Amino acid sequence: MNGKRVFFEIQTFADDRWTTVELRETEAMAMTVARGLLANPRSRGVQVVRSWKRADGLADETVIFTEKREAPTAEISIVPITDATLCSDIYDFYGLPSRMTINRLFRKYIDAVFLTPTELLHNYRALHKIQSFGTLFSAGVERVSSLQGNMPGQTFTARRDALYAITDKIAQRGRKLADHPKLPLLDGNDLAGVLDAVVGVASPGREAYAALVVLCNELVKERSWLGKFARLAKLAGGDPRPDVLAVLDGLVADLVGIAAAFQDIMGYQRNLAETLCAIADLCEGRFSGDRSDGREPLAVFVPLLAAGRMPETRLALIDRLVRQLMGTQPLDRHDPSREKAAFRAVSARLAGKDGVFGGAGVEAGLRKRELALFGPGGAPPPEVEARQPALDPRQRAATLAALAGDGSKVQDYPAGSLIFREGEAADRAYMVLAGSVEISTEYKGAHVMLARLAEGAIFGELALFSAMPRTASAVSVTGCRLRLIEGGEMEQRVEALDPFCRHWVSYLIDRITDLSERVTATATGEAR
C-alpha cells in the first residue's frame, strides 16, 4: 500500500449518524485526536476509519477503533425558569430576549447537542429534533405558558396554543426557504456574498433571516462551542460590513449566553468575582484572553465589541452579569472569609466616573449583594453587630419600654410566625422591642436570608412612604414583641420637624424608595 493512498478518518457520532471531522496520515496521529475528542464528557462517540484508495479509484474502508456512548436522555429536562419574555408575533421569537429565554429554558439540551438558539430557530431539522425529543419541548411550552398566563390580558391556554402555533410556523418557514432552489450556499467564509445573493430569494427586509438559514445549515456541523466561535470569527474577517456583523453579533450573543460556551470562550477564571470583572473588561476591550483556547477569535471580536458594533453581544454579557450578581453563588467559593473583600473588588471595578458599568440592572445587582452581605438600611448582619459597641443594656431597656408604653400598638409573635410575606400589600412598619426577626427573599427558587434583626431594629419601613408591595418576607426567629408603626403616625412626626430636617428626610425617603423599586424591577425582569 502506498502511504499517499492510505489515510485515517476521525469520525464523531451525533444526530444518529457518523460524521468525519478530521483526517490524519498515520494511525497513531488519528488515535491521539480520537482520545482527545473522547475526553469531552459530552461526546456521544468517536471512531477511526482507515481508508485505502485503490488503483481503480474506489476506496476500501475499515473501522479500526470505535467507542460509542448512550445519549443521556434521562438527564435532559427543562430548567424551571422564573421569567419569560412575552412575544407578540413570529418575529419577536427571533429577537435576543426570546433567544435568551430559550437558552435558559433548554440549557441542558443545548449543552448536549451543541446548538445555539439561533440555529434551532433557523434550521428546521434542528427545531424538529427538539420538538420530538421526548416531552422536553412540551414541558418547556407548559412552563412558559404558566409564567405568561399570569400577565395582564393573558391566559395559560391562549399562550400555550400561541406558542405551539408559532413554533410550527417557524419550522415551516425555515423548511420552505431551505428548499428554495435559488438559495445560495456559503462559499468558504464569504458571508457578504450570501447576503448579496439572497436578495430576491428572501422577502424585502428579510435578507438577514435568509442569510442565517444558509449560515446555520453550515454551523450545525460544528460540534464544539469553540469551533463555532472560531468559524464566526473567520466569517467576520478584519473589518466586516455592518450587515455581516449584525448577523454574526446575534450568534456570538447566543454563545456568551450559554454557560458552557461562555466558559470555553473566557478560559479559566479563579472565581465568580474574577468572572464578573472579566465581563466588564471584555465589553470595554481590555480582556486579553491569555487563558482561553479561543484567544484568536477573541482578538477579532473584542475590538468590535469595544467599539459598540456588537450591541446584542454586549446586552447578553450584561444580562449574564446581572443574573450572576442577583444569584446566590458566592463570589469566592474557595474562601468564604474573603466574600466581602471580593464584593468590594467587584464594586470598585464596576463603578466608574460615568456611573456603574451596565447601568441600573448591574447597580441593582450590586445592591442586592450588598444587602445580603452587610444588611439592609444600614442594619448590620449578626457578625457585624457583635463587633460594634453595644448600648448600655439598662439604657436600651428603658428606651424600648418608653416606646412600648407611648400609646402605640404592640403585638407579640411566637417563634416561627410569618409577620409579612414578599409581594403582599404593605401599610405599616415594625420596630423590634424584644426577640429577633429574619428578613429573607426568594430568588430563582432559592431562599436568600438578607438580615437577622435584633432589639431596636426597624423593618418594613418602605410601607410608610411608598405603595410598593413588600420586597422581602419577615419571620420571627424567636418569640418577639413588635411595635407597629402606622403611616399616619410617621407623617405627623415628619411634619413636626423643622423645614430643613423635613426636606432632608423626604429626600432620603425618595432615594431609598427609588432604589428599592429598581431592585424589584430588575429582579422580576420588568423594564424601568
# chains A, B, ... in the order shown; residues from 1 in each chain; ligands from 1
$ residues_around --residues "segment 267-274 of chain A" --least-positions-apart "3" --cutoff "8 Å" --atoms "only C-alpha atoms" --output "list in words"
Gln263, Asp264, Cys277, Ala278, Gly289, Arg291, Ser292, Asp293, Gly294, Gln329, Pro330, Leu331, Asp332, Arg333, His334, Ala342, Phe343, Ala345 and Val346 of chain A
$ residues_around --residues "Ala210 of chain A" --least-positions-apart "6" --cutoff "12 Å" --atoms "only C-alpha atoms" --output "VMD selection string"
chain A and resid 121 to 123 173 to 180 182 to 186 191 194 to 204 216 to 217 247
$ atom_distance --atom1 "atom CA of Ala341 of chain A" --atom2 "atom CA of Ala316 of chain A"
26.9 Å
$ residues_around --residues "segment 318-320 of chain A" --least-positions-apart "6" --cutoff "8 Å" --atoms "only C-alpha atoms" --output "ChimeraX atom specification"
/A:257,279,358,362
$ select_by_dssp --residues "segment 248-429 of chain A" --states "strand (DSSP E)" --output "count of residues only"
13
$ closest_residue --among "A:Ala454, A:Leu464, A:Val144, A:Val475" --to "Arg421 of chain A" --atoms "only C-alpha atoms"
A:Val475
$ residues_around --residues "segment 250-254 of chain A" --least-positions-apart "2" --cutoff "8 Å" --atoms "only C-alpha atoms" --output "PyMOL selection string"
chain A and resi 96+99-100+103+116-118+229+232+246-248+256-258+312-317
$ select_by_dssp --residues "segment 9-42 of chain A" --states "helix (DSSP H, G or I)" --output "JSON, numbers by chain"
{"A": [27, 28, 29, 30, 31, 32, 33, 34, 35, 36, 37, 38]}
$ write_last_selection --atoms "all heavy atoms" --output "short mmCIF file (atom, residue, chain, number, x, y, z; two decimals), in the first residue's frame"
data_model
loop_
_atom_site.label_atom_id
_atom_site.label_comp_id
_atom_site.auth_asym_id
_atom_site.auth_seq_id
_atom_site.Cartn_x
_atom_site.Cartn_y
_atom_site.Cartn_z
N GLU A 27 -2.01 6.17 11.74
CA GLU A 27 -2.94 5.65 12.75
C GLU A 27 -2.66 6.27 14.11
O GLU A 27 -3.58 6.58 14.86
CB GLU A 27 -2.82 4.13 12.81
CG GLU A 27 -3.76 3.50 13.82
CD GLU A 27 -3.68 1.97 13.82
OE1 GLU A 27 -3.21 1.40 12.81
OE2 GLU A 27 -4.11 1.37 14.82
N ALA A 28 -1.39 6.44 14.46
CA ALA A 28 -1.04 7.00 15.77
C ALA A 28 -1.59 8.42 15.92
O ALA A 28 -2.15 8.78 16.97
CB ALA A 28 0.47 6.99 15.96
N MET A 29 -1.44 9.22 14.88
CA MET A 29 -1.95 10.59 14.93
C MET A 29 -3.48 10.59 15.05
O MET A 29 -4.07 11.37 15.80
CB MET A 29 -1.52 11.35 13.68
CG MET A 29 -0.01 11.59 13.59
SD MET A 29 0.50 12.19 11.94
CE MET A 29 -0.34 13.77 11.88
N ALA A 30 -4.12 9.68 14.33
CA ALA A 30 -5.58 9.61 14.37
C ALA A 30 -6.06 9.20 15.75
O ALA A 30 -7.06 9.74 16.27
CB ALA A 30 -6.09 8.63 13.32
N MET A 31 -5.39 8.25 16.38
CA MET A 31 -5.81 7.79 17.71
C MET A 31 -5.61 8.89 18.76
O MET A 31 -6.40 9.01 19.70
CB MET A 31 -5.02 6.54 18.10
CG MET A 31 -5.39 5.30 17.30
SD MET A 31 -7.15 4.87 17.48
CE MET A 31 -7.25 4.57 19.24
N THR A 32 -4.59 9.69 18.60
CA THR A 32 -4.38 10.81 19.53
C THR A 32 -5.55 11.79 19.46
O THR A 32 -6.06 12.26 20.48
CB THR A 32 -3.06 11.53 19.20
OG1 THR A 32 -1.98 10.63 19.36
CG2 THR A 32 -2.86 12.73 20.13
N VAL A 33 -5.97 12.10 18.24
CA VAL A 33 -7.11 13.01 18.06
C VAL A 33 -8.38 12.39 18.65
O VAL A 33 -9.17 13.04 19.33
CB VAL A 33 -7.31 13.35 16.58
CG1 VAL A 33 -8.59 14.15 16.38
CG2 VAL A 33 -6.11 14.11 16.04
N ALA A 34 -8.57 11.10 18.40
CA ALA A 34 -9.78 10.40 18.88
C ALA A 34 -9.85 10.42 20.40
O ALA A 34 -10.92 10.68 20.98
CB ALA A 34 -9.80 8.97 18.36
N ARG A 35 -8.74 10.15 21.06
CA ARG A 35 -8.74 10.16 22.53
C ARG A 35 -9.04 11.55 23.08
O ARG A 35 -9.69 11.70 24.10
CB ARG A 35 -7.40 9.65 23.06
CG ARG A 35 -7.14 8.16 22.77
CD ARG A 35 -5.91 7.65 23.50
NE ARG A 35 -5.59 6.30 23.09
CZ ARG A 35 -4.69 5.97 22.17
NH1 ARG A 35 -4.01 6.95 21.56
NH2 ARG A 35 -4.46 4.73 21.85
N GLY A 36 -8.54 12.56 22.38
CA GLY A 36 -8.83 13.94 22.80
C GLY A 36 -10.32 14.26 22.70
O GLY A 36 -10.89 14.91 23.59
N LEU A 37 -10.96 13.79 21.65
CA LEU A 37 -12.39 14.01 21.49
C LEU A 37 -13.18 13.25 22.54
O LEU A 37 -14.19 13.74 23.06
CB LEU A 37 -12.84 13.60 20.09
CG LEU A 37 -12.32 14.46 18.93
CD1 LEU A 37 -12.67 13.82 17.60
CD2 LEU A 37 -12.91 15.87 19.00
N LEU A 38 -12.75 12.06 22.89
CA LEU A 38 -13.45 11.25 23.89
C LEU A 38 -13.31 11.84 25.29
O LEU A 38 -14.12 11.55 26.17
CB LEU A 38 -12.92 9.82 23.88
CG LEU A 38 -13.45 8.92 22.76
CD1 LEU A 38 -12.68 7.60 22.74
CD2 LEU A 38 -14.94 8.66 22.94
#
$ residues_around --residues "Val448 of chain A" --least-positions-apart "2" --cutoff "12 Å" --atoms "only C-alpha atoms" --output "list of chain:residue names"
A:Met326, A:Gly327, A:Thr328, A:Gln329, A:Lys368, A:Arg369, A:Leu371, A:Ala372, A:Leu373, A:Glu438, A:Ile439, A:Ser440, A:Thr441, A:Glu442, A:Tyr443, A:Lys444, A:Gly445, A:Ala446, A:Leu450, A:Ala451, A:Arg452, A:Ala472, A:Ser473, A:Ala474
$ atom_distance --atom1 "atom CA of Ser224 of chain A" --atom2 "atom CA of Ala84 of chain A"
27.3 Å
$ atom_distance --atom1 "atom CA of Asp427 of chain A" --atom2 "atom CA of Gln492 of chain A"
15.5 Å
$ closest_atom_pairs --of "segment 14-88 of chain A" --to "segment 146-164 of chain A" --cutoff "9 Å" --atoms "only C-alpha atoms" --output "JSON lines"
{"residue": "A:Ile81", "atom": "CA", "partner": "A:Leu147", "partner_atom": "CA", "distance": 9.0}
{"residue": "A:Thr82", "atom": "CA", "partner": "A:Leu147", "partner_atom": "CA", "distance": 7.2}
{"residue": "A:Asp83", "atom": "CA", "partner": "A:Leu147", "partner_atom": "CA", "distance": 6.6}
{"residue": "A:Ala84", "atom": "CA", "partner": "A:Leu147", "partner_atom": "CA", "distance": 6.8}
{"residue": "A:Thr85", "atom": "CA", "partner": "A:Gln148", "partner_atom": "CA", "distance": 8.0}
{"residue": "A:Leu86", "atom": "CA", "partner": "A:Gln148", "partner_atom": "CA", "distance": 6.7}
$ closest_residue --among "A:Ile76, A:Ala307, A:Cys87, A:Ala208" --to "Ala139 of chain A" --atoms "only C-alpha atoms"
A:Ile76
$ residues_around --residues "Phe459 of chain A" --least-positions-apart "2" --cutoff "7 Å" --atoms "only C-alpha atoms" --output "list of chain:residue names"
A:Ala429, A:Tyr430, A:Met431, A:Ala457, A:Glu461
$ residues_around --residues "Asp412 of chain A" --least-positions-apart "4" --cutoff "12 Å" --atoms "only C-alpha atoms" --output "PyMOL selection string"
chain A and resi 404+416-419+430-436+476+478-484
$ write_last_selection --atoms "all heavy atoms" --output "compact mmCIF listing (two decimals), in the first residue's frame"
# COMPACT_ATOMS: atom_id res chain seq x y z
N ALA A 404 -42.68 51.31 73.91
CA ALA A 404 -43.80 50.38 74.02
C ALA A 404 -44.97 50.97 74.79
O ALA A 404 -46.12 50.59 74.59
CB ALA A 404 -43.35 49.08 74.69
N GLY A 416 -41.20 31.54 64.81
CA GLY A 416 -41.58 30.96 63.54
C GLY A 416 -42.80 31.58 62.90
O GLY A 416 -43.26 31.10 61.86
N SER A 417 -43.33 32.68 63.46
CA SER A 417 -44.51 33.31 62.90
C SER A 417 -44.16 34.14 61.66
O SER A 417 -43.14 34.84 61.64
CB SER A 417 -45.18 34.22 63.94
OG SER A 417 -45.62 33.48 65.05
N LEU A 418 -45.02 34.07 60.66
CA LEU A 418 -44.86 34.92 59.47
C LEU A 418 -45.45 36.30 59.79
O LEU A 418 -46.64 36.43 60.05
CB LEU A 418 -45.58 34.30 58.28
CG LEU A 418 -45.56 35.12 56.99
CD1 LEU A 418 -44.16 35.23 56.42
CD2 LEU A 418 -46.52 34.52 55.95
N ILE A 419 -44.62 37.31 59.73
CA ILE A 419 -45.07 38.68 60.02
C ILE A 419 -45.65 39.30 58.76
O ILE A 419 -46.73 39.88 58.77
CB ILE A 419 -43.91 39.51 60.59
CG1 ILE A 419 -43.39 38.85 61.87
CG2 ILE A 419 -44.35 40.96 60.85
CD1 ILE A 419 -42.05 39.37 62.33
N TYR A 430 -42.43 48.11 61.41
CA TYR A 430 -42.33 47.46 62.71
C TYR A 430 -41.00 47.83 63.37
O TYR A 430 -39.99 48.03 62.69
CB TYR A 430 -42.38 45.93 62.56
CG TYR A 430 -43.64 45.42 61.91
CD1 TYR A 430 -43.76 45.40 60.53
CD2 TYR A 430 -44.70 44.94 62.67
CE1 TYR A 430 -44.92 44.92 59.91
CE2 TYR A 430 -45.86 44.46 62.07
CZ TYR A 430 -45.96 44.45 60.70
OH TYR A 430 -47.09 43.99 60.09
N MET A 431 -41.03 47.87 64.71
CA MET A 431 -39.80 48.00 65.49
C MET A 431 -39.72 46.80 66.44
O MET A 431 -40.71 46.42 67.07
CB MET A 431 -39.80 49.29 66.31
CG MET A 431 -38.61 49.39 67.27
SD MET A 431 -38.62 50.91 68.23
CE MET A 431 -38.01 52.04 67.01
N VAL A 432 -38.53 46.20 66.52
CA VAL A 432 -38.33 45.03 67.39
C VAL A 432 -38.11 45.52 68.82
O VAL A 432 -37.11 46.18 69.10
CB VAL A 432 -37.14 44.18 66.92
CG1 VAL A 432 -37.01 42.94 67.79
CG2 VAL A 432 -37.28 43.80 65.45
N LEU A 433 -39.05 45.19 69.70
CA LEU A 433 -38.90 45.54 71.12
C LEU A 433 -38.22 44.42 71.89
O LEU A 433 -37.52 44.67 72.87
CB LEU A 433 -40.27 45.84 71.73
CG LEU A 433 -41.06 46.99 71.08
CD1 LEU A 433 -42.40 47.15 71.77
CD2 LEU A 433 -40.27 48.29 71.15
N ALA A 434 -38.43 43.19 71.46
CA ALA A 434 -37.80 42.03 72.11
C ALA A 434 -37.75 40.89 71.11
O ALA A 434 -38.63 40.75 70.26
CB ALA A 434 -38.58 41.62 73.36
N GLY A 435 -36.71 40.05 71.21
CA GLY A 435 -36.57 38.92 70.31
C GLY A 435 -35.82 39.27 69.04
O GLY A 435 -35.10 40.29 68.98
N SER A 436 -35.98 38.45 68.00
CA SER A 436 -35.26 38.69 66.74
C SER A 436 -36.14 38.28 65.56
O SER A 436 -37.02 37.43 65.68
CB SER A 436 -33.93 37.92 66.70
OG SER A 436 -34.15 36.54 66.80
N SER A 476 -40.49 35.72 62.56
CA SER A 476 -39.91 35.82 63.91
C SER A 476 -39.03 34.60 64.14
O SER A 476 -39.47 33.46 63.99
CB SER A 476 -41.02 35.88 64.96
OG SER A 476 -41.87 34.75 64.86
N THR A 478 -37.24 34.05 67.11
CA THR A 478 -37.63 33.69 68.47
C THR A 478 -38.99 34.32 68.74
O THR A 478 -39.51 35.06 67.91
CB THR A 478 -36.60 34.23 69.48
OG1 THR A 478 -36.62 35.67 69.42
CG2 THR A 478 -35.20 33.74 69.16
N GLY A 479 -39.56 34.02 69.88
CA GLY A 479 -40.74 34.78 70.26
C GLY A 479 -40.35 36.24 70.35
O GLY A 479 -39.29 36.58 70.90
N CYS A 480 -41.14 37.12 69.77
CA CYS A 480 -40.73 38.52 69.76
C CYS A 480 -41.93 39.44 69.97
O CYS A 480 -43.09 39.06 69.75
CB CYS A 480 -40.01 38.88 68.46
SG CYS A 480 -41.01 38.69 66.97
N ARG A 481 -41.64 40.65 70.43
CA ARG A 481 -42.64 41.71 70.62
C ARG A 481 -42.30 42.84 69.67
O ARG A 481 -41.15 43.31 69.65
CB ARG A 481 -42.64 42.19 72.07
CG ARG A 481 -43.49 43.42 72.31
CD ARG A 481 -43.76 43.67 73.77
NE ARG A 481 -44.67 42.64 74.30
CZ ARG A 481 -45.21 42.69 75.52
NH1 ARG A 481 -44.92 43.69 76.32
NH2 ARG A 481 -46.03 41.75 75.93
N LEU A 482 -43.29 43.26 68.88
CA LEU A 482 -43.06 44.28 67.87
C LEU A 482 -43.96 45.49 68.12
O LEU A 482 -45.14 45.33 68.48
CB LEU A 482 -43.34 43.73 66.47
CG LEU A 482 -42.57 42.49 66.04
CD1 LEU A 482 -42.99 42.08 64.63
CD2 LEU A 482 -41.07 42.70 66.10
N ARG A 483 -43.42 46.67 67.91
CA ARG A 483 -44.20 47.90 67.93
C ARG A 483 -44.63 48.20 66.51
O ARG A 483 -43.80 48.25 65.59
CB ARG A 483 -43.37 49.06 68.48
CG ARG A 483 -44.11 50.39 68.54
CD ARG A 483 -43.11 51.50 68.81
NE ARG A 483 -43.74 52.77 69.12
CZ ARG A 483 -44.23 53.63 68.24
NH1 ARG A 483 -44.19 53.33 66.96
NH2 ARG A 483 -44.75 54.78 68.63
N LEU A 484 -45.91 48.38 66.26
CA LEU A 484 -46.43 48.66 64.93
C LEU A 484 -46.40 50.17 64.67
O LEU A 484 -46.83 50.96 65.53
CB LEU A 484 -47.86 48.14 64.78
CG LEU A 484 -48.00 46.63 64.48
CD1 LEU A 484 -47.37 45.78 65.57
CD2 LEU A 484 -49.48 46.27 64.31
$ closest_atom_pairs --of "segment 248-319 of chain A" --to "segment 233-243 of chain A" --cutoff "9 Å" --atoms "only C-alpha atoms" --output "JSON lines"
{"residue": "A:Leu248", "atom": "CA", "partner": "A:Ala236", "partner_atom": "CA", "distance": 7.4}
{"residue": "A:Glu296", "atom": "CA", "partner": "A:Ala233", "partner_atom": "CA", "distance": 8.4}
{"residue": "A:Pro297", "atom": "CA", "partner": "A:Ala233", "partner_atom": "CA", "distance": 5.1}
{"residue": "A:Leu298", "atom": "CA", "partner": "A:Ala233", "partner_atom": "CA", "distance": 7.9}
{"residue": "A:Ala299", "atom": "CA", "partner": "A:Ala233", "partner_atom": "CA", "distance": 8.9}
{"residue": "A:Val300", "atom": "CA", "partner": "A:Ala233", "partner_atom": "CA", "distance": 6.2}
{"residue": "A:Phe301", "atom": "CA", "partner": "A:Ala233", "partner_atom": "CA", "distance": 7.1}
{"residue": "A:Leu304", "atom": "CA", "partner": "A:Asp239", "partner_atom": "CA", "distance": 8.7}
{"residue": "A:Arg309", "atom": "CA", "partner": "A:Pro242", "partner_atom": "CA", "distance": 8.2}
